[in-house]
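Reading through the structure tokens given below for one structure.
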Amino acid sequence: MQDVAASTIHLADYTVPGWLVDGVHLTVRLAPHATRVLSRIAFRPNPDSPPVPFTLHGEDLRLIHAAIDGQPVTPVVTPTGLTCDTPRSAFVWEAEVEIAPAANTALEGLYMSNGIYCTQCEAEGFRKITYYPDRPDVMAVFTVRIEGDTPVLLSNGDPVAQGPGWAEWHDPWPKPAYLFALVAGDLVAHSDSFTTLDGRCVALNLWVRAADLDKCEFGMGALKRAMAWDERVYGLAYDLSVFNIVAVDDFNMGAMENKGLNIFNASAVLASPETSTDADFRRIEAIIAHEYFHNWTGNRITCRDWFQLCLKEGLTVFRDQQFTGDLHGHAVKRIEDALVMRNRQFQEDAGPLAHPVRPDRFVEINNFYTVTVYEKGAELVGMLKRLVGDDGWRAGMDLYVARHDGHAATIEDWLAAFQDATGRDLTQFMRWYEQAGTPRLTVTDDYADGIYRLHIAQTTRATPDQPDKPPLHIPVAIGLLDDTGAEVVPTTLLEVTEAQQTFTFDGLSARPVPSILRDFSAPVIVNRTVDAAERAFLLAHDTDPFNRWDAGRNLARDMALRLIRTGGGAPDPGYLAGLRATLTDDTLDPAFRALVLTLPADNDLTIALALDGTVPDPDLIHRVREDIRGAIACDLTDILPDLYAAQQVTAPYAPDASQAGRRRLGNAVLMLLSLTDDGAAAQAQFDAATNMTQSLAALGALLSVGRGAAAAQAFHDRWQHDRLVMNKWLAIQIAMAPPEQAVAITDALTRHPAFDWGNPNRFRSVLGTLAAHPAGFHRADGSGYALLADWLIRLDPVNPQTTARMVSAFDGLGRFDAGRQVAMRTALARIRQAPALSRDTTEMVNRLLR
Ligand code: ARG
Ligand code: ZN
């Protein structure tokens, strides 16, 4: 085990770079096992730094030779870099190193995926390509020459020249090394073009293997929509003559925003109606937009250091959420984003892995590409926008871009731009970036003599390393309704800044019904005792779509929690009546109705129980959810067939919001119908389906009632040649498995010939799906933990990043009963003892076990 304390990096220890780079010339001579990288780098001392020795990062490099100003030198080489005596003034460094991309299974640095050379340098992968000051505050202009015998040779920026077996690229925009990229392979392009608002004609290419050329059109359209949106909404235009996107099969994350050369996990860009679901189309469009938006929020303005990761990620997620909302509707998008917060981020924030949106220490930065940094980071941006208003938001963004374009910035810089542009004091707001944990608002109210008062108290529980939580600046949007559902006070932003505060509304003729935290205006938990009648009233009448949905969710949640506490029983008639009224209200968007029909996730209920001091029992939670589903299917049996029929689309498939919403509701109803018709409707849909959305949902419904064997076989036989569809085939069998079979099914699938476990998508489809199946993973006998641990021990030496990410499945530690805790600790201890465990995984296991 490594000495982690010794290698912890602290935000407080930041110092400016000792040496700056004026220009980088790379020559890369590709060969699978012996690629040579020649670098020529112009360094000069940083005038803002005291003199420091010359050091460069470097890992897994074989140094062939090095020279300074043309004179050979002999640096002192260590496993993490080198140091060398240098002049105290500017000089040119030259080095030649050898690397083996074909042996690089960690998928960081230069590696090979299915015969294609590609790179992943964020966060610290460039140091596996050559010796360099691999930190984001060192920005430089790169010129790259690639030599190789593949037809396509790509790097960042604009193409300069090319000939048989070589190509040269020049990127005029100074950038940190993490944005460097290189791709070489037998690829073909789906091409198009876009003319920017300043008249620049940009060549757009989506590079894929020839067999995937028919899955590019949607991604290309999404890219053009993103380019136009960023111009229209923020006045931000693209800045090179070419924008390249490449799809690769082996990738640790979704995609990467390398300047002018985005590299994508194939699953995040390739789309066709036959092979992709409506949800895939939406996700692909959002990721393409996200990476494109990084060109400004990330690339032109980058991060000073990796603690500032949320500066680019929170902001860029916020921008992609806005984009999706603008294109397809804000109400549904807001609900979906809130679900990610409640089902995933609140869990992270309530467990041993809780960390601030801007962490202040890390061992391995790759362990902090989390739902907290990304999604909670986006929520902080959204709160800031609410606090400064739309005009203040645009003024602040403009000032931020004007001030920091071409530089590496911090969260302090970010907030200063808004403070200076709007005059608002954001000192207290800054705490959101530094303080982990989900605040809970306890809300009570009273009414007398025409005066209504809302009392709001805020508390945040202690999180690792943060026992005390001073109050946050929380924007709470509220509205007040009268007993007909009319608004007596329209949406109003309350600013909660103290531990306890009272807000007064006078001149009311009767006691109003409050609608609190409209549009999910802050990532907090609202604690307020509300009876079922008031919730049902809001489900029927709230004018805020988010809170209307939330009223239904709260009804379901209160009921589920009651049934869990009492060990079972009958669902609430009020809930069933509200559901019936909502589902049959054809004025409501079908996607919205599908969301109302979705019961609170196991995770959501688990956190609610844990926060109230009840030890959650995953089996009981699962059983109660199933009982409620059964009761809904029974109670609504008279309306479900018609509701299902009414959602069927006869027009040719299009992945638009209107069709997708109907399929979503239709498929949600199909799950319920299957409980009462033995899967007959699902089998019919499966047999007739001509798109993946309906085919996969039908397969899922059949599997969920134990009638899926034949359909699963047919699906396999039809799609076994398609690796992306096979990921779905693997995952759905586990996701839909009854809890007592999930581990055995997972284990069996790990022996299936399709399970190529070195591929991250495959590994996630199988082991990741088990980890996300609460009652299946948390088997009381510990078999889920043991199976995952076995596989993580196997994967760690091959791919530490993907291993470490999945170790977070154990973050229920401390939440469940003693037996499960012992079993989790045993599994984690076994991982910790694995020989030569990676730094990535070591840090995660230590954080979990501390
Ligand atoms: N910046 C990328 C994105 O959010 C994520 C890449 C992170 N990769 C990693 N290995 N940590 O789009
Ligand atoms: Zn990003």
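So you can find residues: chains in the structure tokens are A, B, ... in the order shown, residues in each start at 1, and ligands are numbered from 1 in order.
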Interface rows for chain A against ligand 1: nearest pair, Å to one decimal, 9 Å, only C-alpha atoms and all ligand atoms, as CSV:
```
residue,atom,partner,partner_atom_place_in_ligand_line,distance
A:Leu107,CA,ligand 1,10 (N),8.5
A:Glu108,CA,ligand 1,10 (N),7.0
A:Gln120,CA,ligand 1,10 (N),6.9
A:Cys121,CA,ligand 1,10 (N),7.4
A:Glu122,CA,ligand 1,8 (N),5.2
A:Ala123,CA,ligand 1,11 (N),5.5
A:Glu124,CA,ligand 1,10 (N),8.2
A:Gly125,CA,ligand 1,10 (N),8.2
A:Phe251,CA,ligand 1,10 (N),8.7
A:Asn252,CA,ligand 1,10 (N),6.3
A:Met253,CA,ligand 1,8 (N),5.8
A:Gly254,CA,ligand 1,12 (O),6.7
A:Ala255,CA,ligand 1,12 (O),5.2
A:Met256,CA,ligand 1,2 (C),4.5
A:Glu257,CA,ligand 1,12 (O),5.9
A:Asn258,CA,ligand 1,1 (N),8.4
A:Ile287,CA,ligand 1,12 (O),7.4
A:His290,CA,ligand 1,12 (O),6.6
A:Glu291,CA,ligand 1,12 (O),5.5
A:His294,CA,ligand 1,12 (O),7.7
A:Gly298,CA,ligand 1,1 (N),8.3
A:Leu309,CA,ligand 1,1 (N),8.9
A:Lys312,CA,ligand 1,1 (N),8.3
A:Glu313,CA,ligand 1,4 (O),6.0
A:Thr316,CA,ligand 1,4 (O),8.2
A:Val317,CA,ligand 1,4 (O),8.3
A:Ile365,CA,ligand 1,11 (N),7.4
A:Asn366,CA,ligand 1,11 (N),4.5
A:Asn367,CA,ligand 1,11 (N),7.5
A:Phe368,CA,ligand 1,11 (N),7.8
A:Tyr369,CA,ligand 1,11 (N),5.8
A:Tyr374,CA,ligand 1,4 (O),7.9
A:Gln801,CA,ligand 1,10 (N),7.1
A:Thr802,CA,ligand 1,10 (N),8.9
```
May I have the residues within 10 Å of Cys310 (chain A) as a PyMOL selection string, using only C-alpha atoms and disregarding those fewer than 5 positions away in the same chain? chain A and resi 298+303+315-317+357-359+368-370+372-378+380-381+410-411+433
What does the structure give for the distance between CA of Ala477 (chain A) and CA of Thr491 (chain A), in Å to one decimal?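 About the pair CA of Ala477 (chain A) and CA of Thr491 (chain A): they are 6.3 Å apart.
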Using only C-alpha atoms, which of the listed residues (A:Leu749, A:Leu187, A:Ala90, A:Val669) sits closest to Ala594 (chain A)?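 So, comparing all the options, the nearest one is A:Val669.
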Compile the contact shell of Asn603 (chain A) as a PyMOL selection string: residues with an atom at most 9 Å away, counting only C-alpha atoms, same-chain residues fewer than 3 positions apart removed. chain A and resi 342-344+347+600+606-608+774
So that I can check the surroundings of region 699-716 of chain A, please list as an MDAnalysis selection string every protein, DNA and RNA residue that reaches within 12 Å of it, counting only C-alpha atoms and ignoring chain neighbours fewer than 5 positions away. chainID A and resid 275 626 629:630 666:689 692:694 721:723 725:739 741:742 752:754
Just-selected residues, C-alpha atoms written as a compact mmCIF listing (two decimals), in the first residue's frame:
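Just written: part_14.txt:
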```
# COMPACT_ATOMS: atom_id res chain seq x y z
CA THR A 275 -29.65 0.89 -32.17
CA GLU A 626 -42.77 -3.62 -5.95
CA ARG A 629 -46.21 -0.93 -8.39
CA GLY A 630 -48.50 -3.92 -8.11
CA GLY A 666 -46.19 4.22 -23.25
CA ASN A 667 -43.21 2.27 -21.94
CA ALA A 668 -43.85 3.26 -18.33
CA VAL A 669 -47.43 2.02 -18.72
CA LEU A 670 -46.16 -1.16 -20.39
CA MET A 671 -44.17 -2.01 -17.26
CA LEU A 672 -47.40 -1.84 -15.24
CA LEU A 673 -49.46 -3.72 -17.82
CA SER A 674 -46.94 -6.53 -17.72
CA LEU A 675 -47.74 -7.10 -14.07
CA THR A 676 -51.30 -7.99 -14.95
CA ASP A 677 -51.12 -9.53 -18.47
CA ASP A 678 -48.14 -11.88 -18.03
CA GLY A 679 -46.15 -9.83 -20.51
CA ALA A 680 -48.55 -10.19 -23.44
CA ALA A 681 -48.46 -6.50 -24.41
CA ALA A 682 -44.70 -6.39 -23.91
CA GLN A 683 -44.19 -9.44 -26.12
CA ALA A 684 -46.35 -7.84 -28.81
CA GLN A 685 -44.36 -4.62 -28.62
CA PHE A 686 -41.08 -6.53 -28.71
CA ASP A 687 -42.13 -8.49 -31.80
CA ALA A 688 -43.36 -5.40 -33.66
CA ALA A 689 -40.69 -2.90 -32.59
CA MET A 692 -34.48 0.47 -30.01
CA THR A 693 -36.57 2.53 -27.57
CA GLN A 694 -39.53 0.20 -27.92
CA HIS A 721 -22.36 -7.98 -34.08
CA ASP A 722 -23.10 -4.54 -32.60
CA ARG A 723 -20.94 -3.77 -29.56
CA VAL A 725 -26.27 -2.70 -28.50
CA MET A 726 -24.64 -5.66 -26.78
CA ASN A 727 -23.79 -3.34 -23.87
CA LYS A 728 -27.52 -2.78 -23.47
CA TRP A 729 -28.23 -6.49 -23.74
CA LEU A 730 -25.78 -7.25 -20.95
CA ALA A 731 -27.00 -4.41 -18.73
CA ILE A 732 -30.74 -4.94 -18.98
CA GLN A 733 -30.58 -8.56 -17.87
CA ILE A 734 -28.94 -7.43 -14.65
CA ALA A 735 -30.99 -4.27 -14.15
CA MET A 736 -34.24 -6.20 -14.45
CA ALA A 737 -33.15 -9.21 -12.44
CA PRO A 738 -34.99 -10.00 -9.22
CA PRO A 739 -32.70 -9.10 -6.29
CA GLN A 741 -30.82 -13.52 -8.87
CA ALA A 742 -28.89 -10.38 -9.78
CA HIS A 752 -20.33 -14.77 -21.78
CA PRO A 753 -18.10 -14.41 -24.86
CA ALA A 754 -19.37 -10.82 -25.30
```
DSSP helix (DSSP H, G or I) selection over region 267-470 of chain A, as a PyMOL selection string: chain A and resi 267-268+278-293+306-328+330-349+365-368+371-404+411-422+431-434
Considering only C-alpha atoms and all ligand atoms, state which residue in the set A:Arg361, A:Arg832, A:Arg762, A:Arg319 is at the smallest distance from ligand 2.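 Of all the options, A:Arg319 lies closest to ligand 2.
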Excluding Leu20 (chain A) and its own-chain neighbours fewer than 6 positions away, which residues fall within 6 Å of it when counting only C-alpha atoms? Please give them as a PyMOL selection string. chain A and resi 43-44+46
Contacts of region 564-574 of chain A within 7 Å, only C-alpha atoms, excl. fewer than 3 positions in-chain, as a PyMOL selection string: chain A and resi 559-561+577-578+620-621+624+628
